[in-house]
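Undergrad: Sharing my_file-v3.txt (compact mmCIF, C-alpha atoms) below.
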# COMPACT_ATOMS: atom_id res chain seq x y z
CA MET E 238 31.36 32.97 -21.54
CA ALA E 239 32.18 36.51 -22.75
CA GLU E 240 32.98 39.52 -20.57
CA PRO E 241 30.11 39.99 -18.08
CA GLY E 242 27.47 42.33 -19.45
CA ARG E 243 29.01 42.55 -22.93
CA GLY E 244 28.11 39.32 -24.64
CA LEU E 245 27.00 35.83 -23.81
CA ARG E 246 27.45 32.37 -25.26
CA HIS E 247 25.46 29.30 -24.41
CA ALA E 248 25.31 25.74 -25.81
CA GLU E 249 22.33 23.45 -25.33
CA HIS E 250 22.07 19.77 -26.26
CA VAL E 251 18.55 19.31 -27.64
CA MET E 252 16.76 17.84 -30.66
CA GLY E 253 19.61 15.37 -31.17
CA THR E 254 22.17 18.11 -31.81
CA VAL E 255 23.74 21.19 -30.21
CA PHE E 256 22.12 24.62 -30.35
CA SER E 257 24.55 27.45 -29.65
CA PHE E 258 23.71 31.05 -28.80
CA ASP E 259 26.20 33.83 -29.56
CA ILE E 260 24.95 37.19 -28.27
CA ARG E 261 27.04 40.33 -28.81
CA GLY E 262 26.59 43.66 -27.05
CA ALA E 263 24.87 44.46 -23.77
CA VAL E 264 23.38 41.48 -21.94
CA THR E 265 20.50 42.79 -19.85
CA PRO E 266 18.36 40.79 -17.42
CA ALA E 267 15.69 40.69 -20.13
CA VAL E 268 18.15 39.11 -22.57
CA ARG E 269 19.18 36.50 -20.00
CA ARG E 270 15.52 35.66 -19.39
CA ALA E 271 15.02 35.35 -23.13
CA VAL E 272 17.87 32.83 -23.34
CA THR E 273 16.17 30.74 -20.66
CA GLU E 274 12.85 31.05 -22.51
CA ALA E 275 14.45 30.11 -25.83
CA VAL E 276 16.10 27.02 -24.33
CA ALA E 277 12.79 25.92 -22.79
CA MET E 278 11.07 26.46 -26.14
CA LEU E 279 13.62 24.24 -27.93
CA HIS E 280 13.06 21.42 -25.46
CA ARG E 281 9.31 21.77 -25.92
CA VAL E 282 9.75 21.58 -29.70
CA ASP E 283 11.74 18.40 -29.24
CA GLU E 284 9.02 16.89 -27.05
CA VAL E 285 6.32 17.76 -29.58
CA PHE E 286 8.08 17.02 -32.89
CA SER E 287 10.65 14.29 -32.23
CA THR E 288 10.03 11.35 -34.55
CA PHE E 289 12.24 9.24 -32.25
CA ARG E 290 9.79 9.56 -29.36
CA PRO E 291 6.73 7.33 -29.81
CA ASP E 292 4.81 9.50 -27.33
CA SER E 293 5.50 12.82 -29.11
CA ALA E 294 2.54 14.59 -30.67
CA ILE E 295 3.96 14.23 -34.19
CA SER E 296 4.58 10.48 -33.73
CA ARG E 297 1.06 9.93 -32.39
CA LEU E 298 -0.39 12.01 -35.21
CA GLY E 299 1.55 10.00 -37.77
CA ALA E 300 0.34 6.76 -36.19
CA GLY E 301 -3.26 7.96 -36.31
CA THR E 302 -3.78 7.84 -32.55
CA THR E 303 -4.49 11.56 -32.25
CA THR E 304 -5.70 14.46 -34.39
CA VAL E 305 -4.23 17.83 -35.32
CA ASP E 306 -6.88 19.58 -33.21
CA ALA E 307 -5.86 17.53 -30.17
CA CYS E 308 -2.17 18.33 -30.63
CA PRO E 309 -0.37 21.41 -29.27
CA PRO E 310 -1.06 24.43 -31.51
CA GLU E 311 2.51 24.41 -32.85
CA VAL E 312 1.72 21.24 -34.78
CA ALA E 313 -0.95 22.88 -36.94
CA GLU E 314 1.36 25.87 -37.52
CA VAL E 315 4.28 23.70 -38.62
CA LEU E 316 2.15 21.46 -40.83
CA GLU E 317 0.70 24.52 -42.57
CA LEU E 318 4.24 25.81 -43.19
CA CYS E 319 5.25 22.38 -44.50
CA ALA E 320 2.30 22.31 -46.87
CA GLU E 321 3.30 25.74 -48.17
CA ALA E 322 6.93 24.57 -48.56
CA THR E 323 5.70 21.58 -50.56
CA ARG E 324 3.68 23.86 -52.81
CA ARG E 325 6.48 26.39 -53.29
CA SER E 326 9.04 23.67 -54.06
CA GLY E 327 6.88 21.83 -56.57
CA GLY E 328 6.72 18.79 -54.31
CA TRP E 329 10.48 18.50 -53.68
CA PHE E 330 9.91 19.22 -50.01
CA SER E 331 7.80 16.49 -48.44
CA VAL E 332 6.85 15.51 -44.89
CA ARG E 333 6.14 11.94 -46.04
CA ALA E 334 9.10 11.16 -48.30
CA ALA E 335 10.18 8.38 -45.92
CA GLY E 336 6.69 6.91 -45.74
CA PHE E 337 5.79 8.39 -42.36
CA LEU E 338 5.02 11.86 -41.03
CA ASP E 339 8.30 13.74 -40.54
CA PRO E 340 8.44 17.57 -40.66
CA SER E 341 12.10 17.62 -39.53
CA GLY E 342 13.19 19.32 -42.75
CA LEU E 343 11.47 22.50 -41.56
CA VAL E 344 11.18 22.19 -37.77
CA LYS E 345 14.82 22.80 -36.84
CA GLY E 346 15.05 25.97 -38.92
CA TRP E 347 11.69 27.16 -37.62
CA ALA E 348 12.75 26.59 -34.00
CA THR E 349 16.12 28.27 -34.52
CA GLU E 350 14.46 31.32 -36.06
CA ARG E 351 11.98 31.48 -33.16
CA ALA E 352 14.85 31.39 -30.67
CA ALA E 353 16.61 34.27 -32.42
CA GLU E 354 13.35 36.25 -32.49
CA LEU E 355 12.90 35.79 -28.74
CA LEU E 356 16.36 37.22 -28.11
CA ARG E 357 15.95 40.11 -30.51
CA GLY E 358 12.55 40.88 -28.99
CA ALA E 359 14.23 41.11 -25.57
CA GLY E 360 16.62 43.75 -26.87
CA ALA E 361 19.69 41.71 -27.87
CA GLU E 362 21.71 43.87 -30.28
CA ARG E 363 23.37 41.09 -32.31
CA VAL E 364 22.38 37.43 -32.16
CA CYS E 365 23.52 34.27 -33.90
CA VAL E 366 21.66 31.06 -33.06
CA ASN E 367 23.23 27.94 -34.54
CA GLY E 368 20.87 24.96 -34.63
CA GLY E 369 23.13 22.06 -35.49
CA GLY E 370 24.75 23.91 -38.39
CA ASP E 371 21.75 25.94 -39.55
CA LEU E 372 22.07 29.56 -38.47
CA GLN E 373 19.87 32.59 -37.91
CA CYS E 374 21.82 35.82 -37.42
CA THR E 375 20.50 39.28 -36.62
CA GLY E 376 22.12 42.69 -36.35
CA THR E 377 22.69 45.91 -38.23
CA ALA E 378 25.53 48.24 -39.22
CA PRO E 379 27.72 49.90 -37.97
CA ALA E 380 28.52 46.73 -36.01
CA ASP E 381 30.70 44.19 -37.78
CA PRO E 382 28.79 41.69 -39.91
CA TRP E 383 28.66 38.03 -38.99
CA ARG E 384 31.24 35.85 -40.77
CA LEU E 385 30.24 32.22 -41.14
CA GLY E 386 32.34 29.36 -42.43
CA VAL E 387 30.89 26.76 -44.82
CA ALA E 388 32.52 23.35 -44.40
CA ASP E 389 33.92 21.52 -47.42
CA PRO E 390 32.19 18.10 -47.55
CA ALA E 391 34.92 16.77 -49.83
CA ALA E 392 37.68 17.74 -47.36
CA PRO E 393 36.57 17.21 -43.73
CA GLY E 394 37.96 19.82 -41.34
CA ASN E 395 38.43 22.43 -44.06
CA LEU E 396 36.37 25.36 -45.29
CA LEU E 397 34.88 25.83 -48.72
CA ALA E 398 33.60 29.39 -48.37
CA VAL E 399 32.94 32.28 -46.02
CA VAL E 400 29.50 33.90 -45.86
CA GLN E 401 29.08 37.40 -44.45
CA GLY E 402 26.09 39.54 -43.53
CA TYR E 403 23.79 40.98 -40.87
CA ASP E 404 20.19 39.67 -40.93
CA LEU E 405 21.15 36.35 -42.40
CA ALA E 406 19.93 32.75 -42.48
CA VAL E 407 22.23 29.95 -43.62
CA ALA E 408 21.20 26.30 -43.96
CA THR E 409 23.24 23.38 -45.26
CA SER E 410 21.83 20.05 -46.41
CA GLY E 411 24.19 17.20 -47.14
CA THR E 412 25.61 13.79 -46.35
CA ALA E 413 28.71 14.68 -44.33
CA GLU E 414 27.18 14.44 -40.85
CA ARG E 415 24.25 12.01 -41.18
CA GLY E 416 24.93 10.13 -44.39
CA ALA E 417 22.37 9.87 -47.20
CA HIS E 418 19.31 10.83 -45.16
CA ILE E 419 17.57 13.24 -47.55
CA LEU E 420 15.16 11.45 -49.86
CA ASP E 421 14.05 12.32 -53.35
CA PRO E 422 10.30 12.43 -52.60
CA HIS E 423 9.44 11.43 -56.17
CA ALA E 424 11.79 8.45 -56.49
CA ARG E 425 11.49 7.58 -52.76
CA GLU E 426 15.23 6.93 -52.53
CA PRO E 427 18.21 8.90 -51.17
CA ALA E 428 19.14 11.97 -53.23
CA GLY E 429 22.61 11.27 -54.54
CA GLU E 430 23.76 13.96 -56.99
CA LEU E 431 25.16 16.39 -54.42
CA LEU E 432 27.46 16.13 -51.40
CA SER E 433 26.14 19.37 -49.90
CA LEU E 434 24.07 22.41 -50.67
CA THR E 435 24.24 25.61 -48.63
CA LEU E 436 21.40 28.08 -49.01
CA ILE E 437 21.53 31.71 -47.91
CA GLY E 438 18.43 33.77 -47.15
CA ASN E 439 17.10 35.92 -44.31
CA ARG E 440 14.49 33.67 -42.59
CA LEU E 441 15.72 30.27 -41.51
CA THR E 442 12.27 28.64 -41.55
CA TRP E 443 12.12 28.93 -45.34
CA THR E 444 15.85 28.75 -45.98
CA ASP E 445 16.07 25.40 -44.16
CA ALA E 446 13.08 23.93 -45.99
CA TYR E 447 14.29 25.21 -49.36
CA ALA E 448 17.77 23.78 -48.72
CA THR E 449 16.22 20.34 -48.18
CA ALA E 450 14.16 20.65 -51.36
CA ALA E 451 17.11 21.95 -53.38
CA PHE E 452 19.38 19.12 -52.22
CA ALA E 453 16.72 16.60 -53.24
CA ARG E 454 16.53 18.21 -56.70
CA GLY E 455 20.25 17.61 -57.30
CA SER E 456 21.64 19.12 -60.50
CA ALA E 457 18.33 20.89 -61.22
CA ALA E 458 18.62 22.89 -57.98
CA ARG E 459 20.74 25.67 -59.45
CA ASP E 460 18.08 26.91 -61.87
CA TRP E 461 15.37 26.54 -59.22
CA VAL E 462 17.27 28.62 -56.64
CA GLU E 463 17.99 31.28 -59.27
CA GLY E 464 14.23 31.80 -59.34
CA LEU E 465 13.87 32.02 -55.54
CA GLU E 466 13.70 35.65 -54.49
CA GLY E 467 16.21 36.54 -51.78
CA HIS E 468 18.09 33.23 -51.80
CA GLU E 469 21.48 32.10 -53.11
CA ALA E 470 23.08 28.66 -53.15
CA LEU E 471 26.50 27.04 -53.04
CA ALA E 472 26.80 23.32 -53.80
CA VAL E 473 29.33 20.52 -54.09
CA THR E 474 28.53 17.66 -56.47
CA ARG E 475 29.15 13.99 -55.83
CA GLY E 476 32.26 14.30 -58.00
CA GLY E 477 33.61 17.21 -55.94
CA ALA E 478 32.84 20.03 -58.39
CA VAL E 479 31.57 23.33 -56.94
CA TRP E 480 28.83 25.54 -58.32
CA HIS E 481 26.94 28.57 -57.02
CA THR E 482 24.09 30.81 -58.09
CA SER E 483 24.72 34.14 -59.78
CA GLY E 484 24.18 36.30 -56.68
CA PHE E 485 26.27 34.25 -54.26
CA GLY E 486 29.10 36.79 -54.41
CA SER E 487 26.90 39.34 -52.65
CA PHE E 488 27.06 37.21 -49.50
CA GLY E 489 30.14 35.04 -49.67
CA ARG E 490 33.40 34.10 -51.28
CA LEU E 491 34.96 30.80 -52.16
CA LEU E 492 38.23 29.81 -50.52
CA HIS E 493 41.07 27.75 -51.88
CA ARG E 494 40.29 24.08 -51.27
CA GLY E 495 42.05 22.88 -48.12
CA THR E 496 41.65 26.13 -46.14
CA SER E 497 41.50 25.42 -42.41
CA PRO E 498 38.64 26.94 -40.39
CA GLY E 499 40.73 29.57 -38.58
CA ARG E 500 38.84 32.07 -36.42
CA LEU E 501 35.30 32.60 -37.66
CA THR E 502 32.01 33.25 -35.94
CA SER E 503 30.60 29.83 -36.69
CA ASP E 504 30.65 26.94 -39.15
CA ALA E 505 27.51 26.53 -41.23
Before we go any further, please render this structure as structure tokens.
TA:
Amino acid sequence: MAEPGRGLRHAEHVMGTVFSFDIRGAVTPAVRRAVTEAVAMLHRVDEVFSTFRPDSAISRLGAGTTTVDACPPEVAEVLELCAEATRRSGGWFSVRAAGFLDPSGLVKGWATERAAELLRGAGAERVCVNGGGDLQCTGTAPADPWRLGVADPAAPGNLLAVVQGYDLAVATSGTAERGAHILDPHAREPAGELLSLTLIGNRLTWTDAYATAAFARGSAARDWVEGLEGHEALAVTRGGAVWHTSGFGSFGRLLHRGTSPGRLTSDA
């Protein structure tokens, strides 16, 4: 916990991972209430969208035992966003790649962005919400920008790059934490050309979904991301080679391989 009244940190175990809140600046009663509200919202999202809970709304919808209209309103909102992500990605984002209804590739980013919006709406000056490695950061100059470390999937415990900015969303898709869990929705098998792909944007809902789609695309992702307005990518191939899109330098810089994490705001 930071100095009373001048910052706050909180970690919450939810959705099968850890969500961390890093709030800089004055912490008013309204901001503290917003943290409580954001935590409650994340637990509700887990209850509604967890594919590991047979009684969740999304599991029952996938099993055909309920309808969208009978589900909480968040379900229709998320499914509409997923449909738009599928359209925008040319089908490389899919809620049924595994053969059952699973909007997880968008839900975590969407929930993280909502949590950050709740805090900003309550007057928090600078906020970084980290949803299991996918981050939504807010803030403006003259405060210092957020500095976020991107892990090197080919060298566990080391950093590959540092990303810096104010209103910033960073999402990483890869195999380091959960193995080969991202499917190529066209081949219906695990995407295997990349070890990781980090995408930088400003809204985590779309950045998270696009990162999933880009990882599934593999080597074709670079050209696709070049055409995505407001997004840049950094990737590591299965062979350990590194590539990035042309505008990546506006947000981040590569480090020498083997650089230890040191003191950074957060690891992406």
Undergrad: If we count only C-alpha atoms and set the cut-off at 10 Å, which residues sit around segment 290-306 of chain E, ignoring sequence neighbours fewer than 2 positions away in its own chain? Please answer as a list of chain:residue names.
TA: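 Those residues are E:Val282, E:Asp283, E:Glu284, E:Val285, E:Phe286, E:Ser287, E:Thr288, E:Cys308, E:Pro309, E:Pro310, E:Glu311, E:Val312, E:Ala313, E:Leu316, E:Arg333, E:Gly336, E:Phe337, E:Leu338, E:Asp339, E:Pro340.
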Undergrad: When you draw a straight line from atom CA of His493 of chain E to atom CA of Leu436 of chain E, how long is it in Å?
TA: 19.9 Å
Undergrad: For Cys319 of chain E, please output as a list in words all residues within 8 Å (counting all atoms listed in the file; exclusion window: fewer than 3 positions along the same chain).
TA: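 What passes the distance filter is Val315, Leu316, Ala322, Thr323, Phe330, Ser331, Val332, Pro340 and Leu343 of chain E.
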Undergrad: Give me, please, the distance in Å between atom CA of Gly489 of chain E and atom CA of Gly402 of chain E, quoted to one decimal.
TA: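 Distance between the two atoms: 8.6 Å.
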Undergrad: Around the point (19.2, 8.3, -53.9) (coordinates from the file), which residues reach within 12 Å if we count all atoms listed in the file? Answer as a short mmCIF file (atom, residue, chain, number, x, y, z; two decimals) with C-alpha atoms, in the frame of the given file.
TA:
data_model
loop_
_atom_site.label_atom_id
_atom_site.label_comp_id
_atom_site.auth_asym_id
_atom_site.auth_seq_id
_atom_site.Cartn_x
_atom_site.Cartn_y
_atom_site.Cartn_z
CA ALA E 334 9.10 11.16 -48.30
CA THR E 412 25.61 13.79 -46.35
CA GLY E 416 24.93 10.13 -44.39
CA ALA E 417 22.37 9.87 -47.20
CA HIS E 418 19.31 10.83 -45.16
CA ILE E 419 17.57 13.24 -47.55
CA LEU E 420 15.16 11.45 -49.86
CA ASP E 421 14.05 12.32 -53.35
CA PRO E 422 10.30 12.43 -52.60
CA HIS E 423 9.44 11.43 -56.17
CA ALA E 424 11.79 8.45 -56.49
CA ARG E 425 11.49 7.58 -52.76
CA GLU E 426 15.23 6.93 -52.53
CA PRO E 427 18.21 8.90 -51.17
CA ALA E 428 19.14 11.97 -53.23
CA GLY E 429 22.61 11.27 -54.54
CA GLU E 430 23.76 13.96 -56.99
CA LEU E 431 25.16 16.39 -54.42
CA LEU E 432 27.46 16.13 -51.40
CA PHE E 452 19.38 19.12 -52.22
CA ALA E 453 16.72 16.60 -53.24
CA ARG E 454 16.53 18.21 -56.70
CA GLY E 455 20.25 17.61 -57.30
CA ARG E 475 29.15 13.99 -55.83
#
Undergrad: For Val366 of chain E, which of E:Ala451, E:Ala388, E:Leu465, E:Val407 is the closest residue, counting only C-alpha atoms?
TA: E:Val407
Undergrad: Restricting the calculation to only C-alpha atoms: of E:Leu396, E:Ala391, E:Ala450, E:Leu405, which residue gets closest to Ala478 of chain E?
TA: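 Going through E:Leu396, E:Ala391, E:Ala450, E:Leu405 one by one, the smallest distance to Ala478 of chain E is for E:Ala391.
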Undergrad: Hey, which of E:Gly342, E:Gly477, E:Gly358, E:Gly244 ends up closest to Ala448 of chain E? Count all atoms listed in the file.
TA: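 Checking each of E:Gly342, E:Gly477, E:Gly358, E:Gly244 against Ala448 of chain E, counting all atoms listed in the file, the winner is E:Gly342.
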Undergrad: For each of E:Asp389, E:Glu314, E:Glu321, E:Glu350, take the minimum atom-to-atom distance to Asn367 of chain E, counting all atoms listed in the file, then give the residue where this is smallest.
TA: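 Looking only at the distances to Asn367 of chain E, the closest residue turns out to be E:Glu350.
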Undergrad: Any idea what the distance is between atom CA of Ala352 of chain E and atom CA of Arg243 of chain E?
TA: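 These two atoms are separated by 19.6 Å.
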Undergrad: Mind checking which residues fall within 6 Å of segment 466-471 of chain E, counting all atoms listed in the file, ignoring those fewer than 2 positions away in the same chain, and posting them as a PDB file with C-alpha atoms, keeping the file's coordinate frame?
TA:
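As written to disk, result-v2.pdb reads:
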ATOM      1  CA  LEU E 434      24.070  22.410 -50.670  1.00  0.00           C
ATOM      2  CA  THR E 435      24.240  25.610 -48.630  1.00  0.00           C
ATOM      3  CA  LEU E 436      21.400  28.080 -49.010  1.00  0.00           C
ATOM      4  CA  ILE E 437      21.530  31.710 -47.910  1.00  0.00           C
ATOM      5  CA  GLY E 438      18.430  33.770 -47.150  1.00  0.00           C
ATOM      6  CA  TRP E 480      28.830  25.540 -58.320  1.00  0.00           C
ATOM      7  CA  HIS E 481      26.940  28.570 -57.020  1.00  0.00           C
ATOM      8  CA  THR E 482      24.090  30.810 -58.090  1.00  0.00           C
ATOM      9  CA  PHE E 485      26.270  34.250 -54.260  1.00  0.00           C
TER      10      PHE E 485
END
Undergrad: Please list as an mmCIF file with C-alpha atoms, in the coordinates of the input every residue within 7 Å of Leu491 of chain E, counting all atoms listed in the file and excluding residues in the same chain fewer than 6 positions away.
TA:
data_model
loop_
_atom_site.group_PDB
_atom_site.id
_atom_site.type_symbol
_atom_site.label_atom_id
_atom_site.label_comp_id
_atom_site.auth_asym_id
_atom_site.auth_seq_id
_atom_site.Cartn_x
_atom_site.Cartn_y
_atom_site.Cartn_z
ATOM 1 C CA LEU E 397 34.880 25.830 -48.720
ATOM 2 C CA ALA E 398 33.600 29.390 -48.370
ATOM 3 C CA VAL E 399 32.940 32.280 -46.020
#
Undergrad: I need the residue nearest Gly368 of chain E from this list: E:Arg270, E:His250, E:Arg384, E:Arg490. Use only C-alpha atoms for the distance.
TA: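 Once distances to Gly368 of chain E are computed over only C-alpha atoms, the minimum belongs to E:His250.
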Undergrad: Go through E:Val268, E:Ala378, E:Leu318, E:Val387 and flag the residue nearest Leu355 of chain E, using all atoms listed in the file for the distances.
TA: E:Val268
Undergrad: Output requested as a short mmCIF file (atom, residue, chain, number, x, y, z; two decimals), in the coordinates of the input - segment 302-321 of chain E, filled out with N, CA, C and O atoms.
TA:
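In the end it all went to result_27.cif:
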data_model
loop_
_atom_site.label_atom_id
_atom_site.label_comp_id
_atom_site.auth_asym_id
_atom_site.auth_seq_id
_atom_site.Cartn_x
_atom_site.Cartn_y
_atom_site.Cartn_z
N THR E 302 -3.19 7.99 -33.89
CA THR E 302 -3.78 7.84 -32.55
C THR E 302 -4.19 9.18 -31.95
O THR E 302 -4.66 9.22 -30.81
N THR E 303 -4.00 10.25 -32.69
CA THR E 303 -4.49 11.56 -32.25
C THR E 303 -4.82 12.38 -33.49
O THR E 303 -4.62 11.93 -34.63
N THR E 304 -5.34 13.57 -33.29
CA THR E 304 -5.70 14.46 -34.39
C THR E 304 -4.94 15.77 -34.27
O THR E 304 -4.41 16.09 -33.21
N VAL E 305 -4.90 16.53 -35.34
CA VAL E 305 -4.23 17.83 -35.32
C VAL E 305 -4.87 18.73 -34.26
O VAL E 305 -4.18 19.43 -33.51
N ASP E 306 -6.18 18.72 -34.18
CA ASP E 306 -6.88 19.58 -33.21
C ASP E 306 -6.54 19.22 -31.78
O ASP E 306 -6.56 20.09 -30.90
N ALA E 307 -6.20 17.95 -31.52
CA ALA E 307 -5.86 17.53 -30.17
C ALA E 307 -4.39 17.74 -29.83
O ALA E 307 -4.00 17.60 -28.68
N CYS E 308 -3.60 18.09 -30.83
CA CYS E 308 -2.17 18.33 -30.63
C CYS E 308 -1.92 19.76 -30.13
O CYS E 308 -2.79 20.63 -30.27
N PRO E 309 -0.73 20.03 -29.59
CA PRO E 309 -0.37 21.41 -29.27
C PRO E 309 -0.49 22.29 -30.51
O PRO E 309 -0.30 21.81 -31.64
N PRO E 310 -0.80 23.57 -30.35
CA PRO E 310 -1.06 24.43 -31.51
C PRO E 310 0.12 24.56 -32.46
O PRO E 310 -0.07 24.85 -33.65
N GLU E 311 1.35 24.32 -31.97
CA GLU E 311 2.51 24.41 -32.85
C GLU E 311 2.45 23.40 -33.99
O GLU E 311 3.01 23.62 -35.06
N VAL E 312 1.78 22.28 -33.75
CA VAL E 312 1.72 21.24 -34.78
C VAL E 312 0.97 21.74 -36.01
O VAL E 312 1.43 21.58 -37.15
N ALA E 313 -0.19 22.35 -35.80
CA ALA E 313 -0.95 22.88 -36.94
C ALA E 313 -0.15 23.96 -37.66
O ALA E 313 -0.12 24.00 -38.90
N GLU E 314 0.54 24.82 -36.90
CA GLU E 314 1.36 25.87 -37.52
C GLU E 314 2.45 25.28 -38.40
O GLU E 314 2.64 25.70 -39.55
N VAL E 315 3.17 24.30 -37.87
CA VAL E 315 4.28 23.70 -38.62
C VAL E 315 3.76 22.94 -39.84
O VAL E 315 4.34 23.03 -40.94
N LEU E 316 2.68 22.21 -39.69
CA LEU E 316 2.15 21.46 -40.83
C LEU E 316 1.64 22.39 -41.94
O LEU E 316 1.77 22.08 -43.13
N GLU E 317 1.10 23.54 -41.56
CA GLU E 317 0.70 24.52 -42.57
C GLU E 317 1.92 25.07 -43.31
O GLU E 317 1.90 25.25 -44.53
N LEU E 318 3.00 25.35 -42.56
CA LEU E 318 4.24 25.81 -43.19
C LEU E 318 4.81 24.74 -44.12
O LEU E 318 5.29 25.04 -45.22
N CYS E 319 4.75 23.48 -43.68
CA CYS E 319 5.25 22.38 -44.50
C CYS E 319 4.45 22.25 -45.79
O CYS E 319 5.01 22.01 -46.87
N ALA E 320 3.14 22.39 -45.68
CA ALA E 320 2.30 22.31 -46.87
C ALA E 320 2.65 23.43 -47.85
O ALA E 320 2.69 23.23 -49.07
N GLU E 321 2.92 24.62 -47.31
CA GLU E 321 3.30 25.74 -48.17
C GLU E 321 4.67 25.49 -48.80
O GLU E 321 4.89 25.80 -49.98
#
